[in-house]
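Heads up: the structure comes next, in structure tokens.
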There are 2 protein chains.
Amino acid sequence: MELLVTYDVSTVTTDGENRLRKVAKVCEGFGQRVQKSVFECVLNEADLEVMRVKLRREMDLGADSLRIYRLREPIRRYLEVLGVDRQFDIREPLVL
Amino acid sequence: MELLVTYDVSTVTTDGENRLRKVAKVCEGFGQRVQKSVFECVLNEADLEVMRVKLRREMDLGADSLRIYRLREPIRRYLEVLGVDRQFDIREPLVL
């Protein structure tokens, strides 16, 4: 299934910045980064569960917020981009 | 239809910061802010067209990136939230 993952990690503290990097890193393992904190993922149920477990491990569940939307498929048919259609290179260093 | 709007506005310059505020302001007129740069909107075609026009007016289309996903409906059935389920009060000042 095609999913959209969006997240806000509280970066008030240095801990928050570290979490932000780690959450991004987990997401990179499962999908394509399309904005700073937005990933498009194509996953089966098993992979989704693995992603959930890894995300929960890195997040502060009382401070951070992550949303997983099950999308209409295929993504491209139901997506409109204004401005730059960014495809982040996942090998680039994370500048957030 | 239910839509998800996500955006990255380049904030390298002061102009960028201003655009970020203006893009957020437009989105607030059409939906519910759920993360810093993510809005859930319920719009008909006419409202969507008005939103597009207003967004294009505020964006630098060569530097900023905004994505509009048509979602499965109802949103809540196809959405999973990890951590905090934030509902921003649109009357709050924008701190981005």
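The way I read the labels, and the way they are meant: chains A, B, ... in the order of the structure tokens, residue 1 as the first residue of every chain, and ligand 1 as the first ligand shown, with later ones counted on from there.
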What are the residues of chain B lining chain A at 7 Å or less? Count only C-alpha atoms, and put the answer as a list of chain:residue names.
B:Asp8, B:Gln35, B:Lys36, B:Leu61, B:Gly62, B:Ala63, B:Asp64, B:Ser65, B:Leu66, B:Arg67, B:Ile68, B:Tyr69, B:Arg70, B:Leu71, B:Arg72, B:Tyr78, B:Leu79, B:Glu80, B:Val81, B:Leu82, B:Gly83, B:Val84, B:Asp85
If you run DSSP on this backbone, which residues of chain A come out as helix (DSSP H, G or I), and could you give them as a ChimeraX atom specification?
/A:14-28,45-58,75-78
Once you have the residues from the selection above, write them out as an mmCIF file, in the first residue's frame, restricted to C-alpha atoms.
data_model
loop_
_atom_site.group_PDB
_atom_site.id
_atom_site.type_symbol
_atom_site.label_atom_id
_atom_site.label_comp_id
_atom_site.auth_asym_id
_atom_site.auth_seq_id
_atom_site.Cartn_x
_atom_site.Cartn_y
_atom_site.Cartn_z
ATOM 1 C CA THR A 14 19.235 19.177 21.504
ATOM 2 C CA ASP A 15 17.559 15.874 22.297
ATOM 3 C CA GLY A 16 14.770 16.944 19.953
ATOM 4 C CA GLU A 17 17.210 17.636 17.150
ATOM 5 C CA ASN A 18 18.732 14.208 17.620
ATOM 6 C CA ARG A 19 15.296 12.601 17.526
ATOM 7 C CA LEU A 20 14.458 14.500 14.345
ATOM 8 C CA ARG A 21 17.521 13.071 12.647
ATOM 9 C CA LYS A 22 16.751 9.574 13.878
ATOM 10 C CA VAL A 23 13.091 9.672 12.816
ATOM 11 C CA ALA A 24 14.155 10.907 9.367
ATOM 12 C CA LYS A 25 16.707 8.116 9.192
ATOM 13 C CA VAL A 26 14.054 5.475 9.947
ATOM 14 C CA CYS A 27 11.725 6.932 7.308
ATOM 15 C CA GLU A 28 14.516 6.932 4.751
ATOM 16 C CA GLU A 45 1.644 -4.716 6.414
ATOM 17 C CA ALA A 46 4.759 -6.456 7.725
ATOM 18 C CA ASP A 47 7.095 -3.631 6.705
ATOM 19 C CA LEU A 48 4.682 -1.066 8.106
ATOM 20 C CA GLU A 49 4.755 -2.817 11.450
ATOM 21 C CA VAL A 50 8.557 -2.846 11.435
ATOM 22 C CA MET A 51 8.569 0.872 10.611
ATOM 23 C CA ARG A 52 6.108 1.590 13.450
ATOM 24 C CA VAL A 53 8.275 -0.250 15.964
ATOM 25 C CA LYS A 54 11.406 1.602 14.872
ATOM 26 C CA LEU A 55 9.675 4.986 14.872
ATOM 27 C CA ARG A 56 8.214 4.485 18.350
ATOM 28 C CA ARG A 57 11.691 3.608 19.582
ATOM 29 C CA GLU A 58 13.125 6.936 18.370
ATOM 30 C CA ILE A 75 0.066 8.282 -5.663
ATOM 31 C CA ARG A 76 0.881 10.241 -8.822
ATOM 32 C CA ARG A 77 -2.707 10.203 -10.043
ATOM 33 C CA TYR A 78 -3.950 11.860 -6.860
#
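Atom pair CA of Leu43 in chain B / CA of Phe30 in chain B has a distance of 7.5 Å (rounded to one decimal).
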Pick out the residues sitting within 7 Å of Val42 in chain B, and hand them over as a PyMOL selection string; count only C-alpha atoms, and ignore anything fewer than 3 positions along from it in its own chain.
chain B and resi 1-3+31
Keeping only N, CA and C atoms, take the residues you just selected and write them out as a PDB file, in the first residue's frame.
ATOM      1  N   MET B   1     -14.064  16.970  -1.426  1.00  0.00           N
ATOM      2  CA  MET B   1     -13.006  15.965  -1.322  1.00  0.00           C
ATOM      3  C   MET B   1     -12.035  16.334  -0.205  1.00  0.00           C
ATOM      4  N   GLU B   2     -11.381  15.300   0.311  1.00  0.00           N
ATOM      5  CA  GLU B   2     -10.456  15.527   1.423  1.00  0.00           C
ATOM      6  C   GLU B   2      -9.030  15.533   0.872  1.00  0.00           C
ATOM      7  N   LEU B   3      -8.308  16.557   1.267  1.00  0.00           N
ATOM      8  CA  LEU B   3      -6.982  16.787   0.711  1.00  0.00           C
ATOM      9  C   LEU B   3      -5.962  16.986   1.823  1.00  0.00           C
ATOM     10  N   GLY B  31      -8.258  24.948   5.621  1.00  0.00           N
ATOM     11  CA  GLY B  31      -8.212  23.649   6.293  1.00  0.00           C
ATOM     12  C   GLY B  31      -7.728  23.730   7.721  1.00  0.00           C
TER      13      GLY B  31
END
Check range 16-76 of chain B with DSSP on the backbone and list each residue it calls strand (DSSP E), as a PyMOL selection string.
chain B and resi 31-35+38-42+65-70
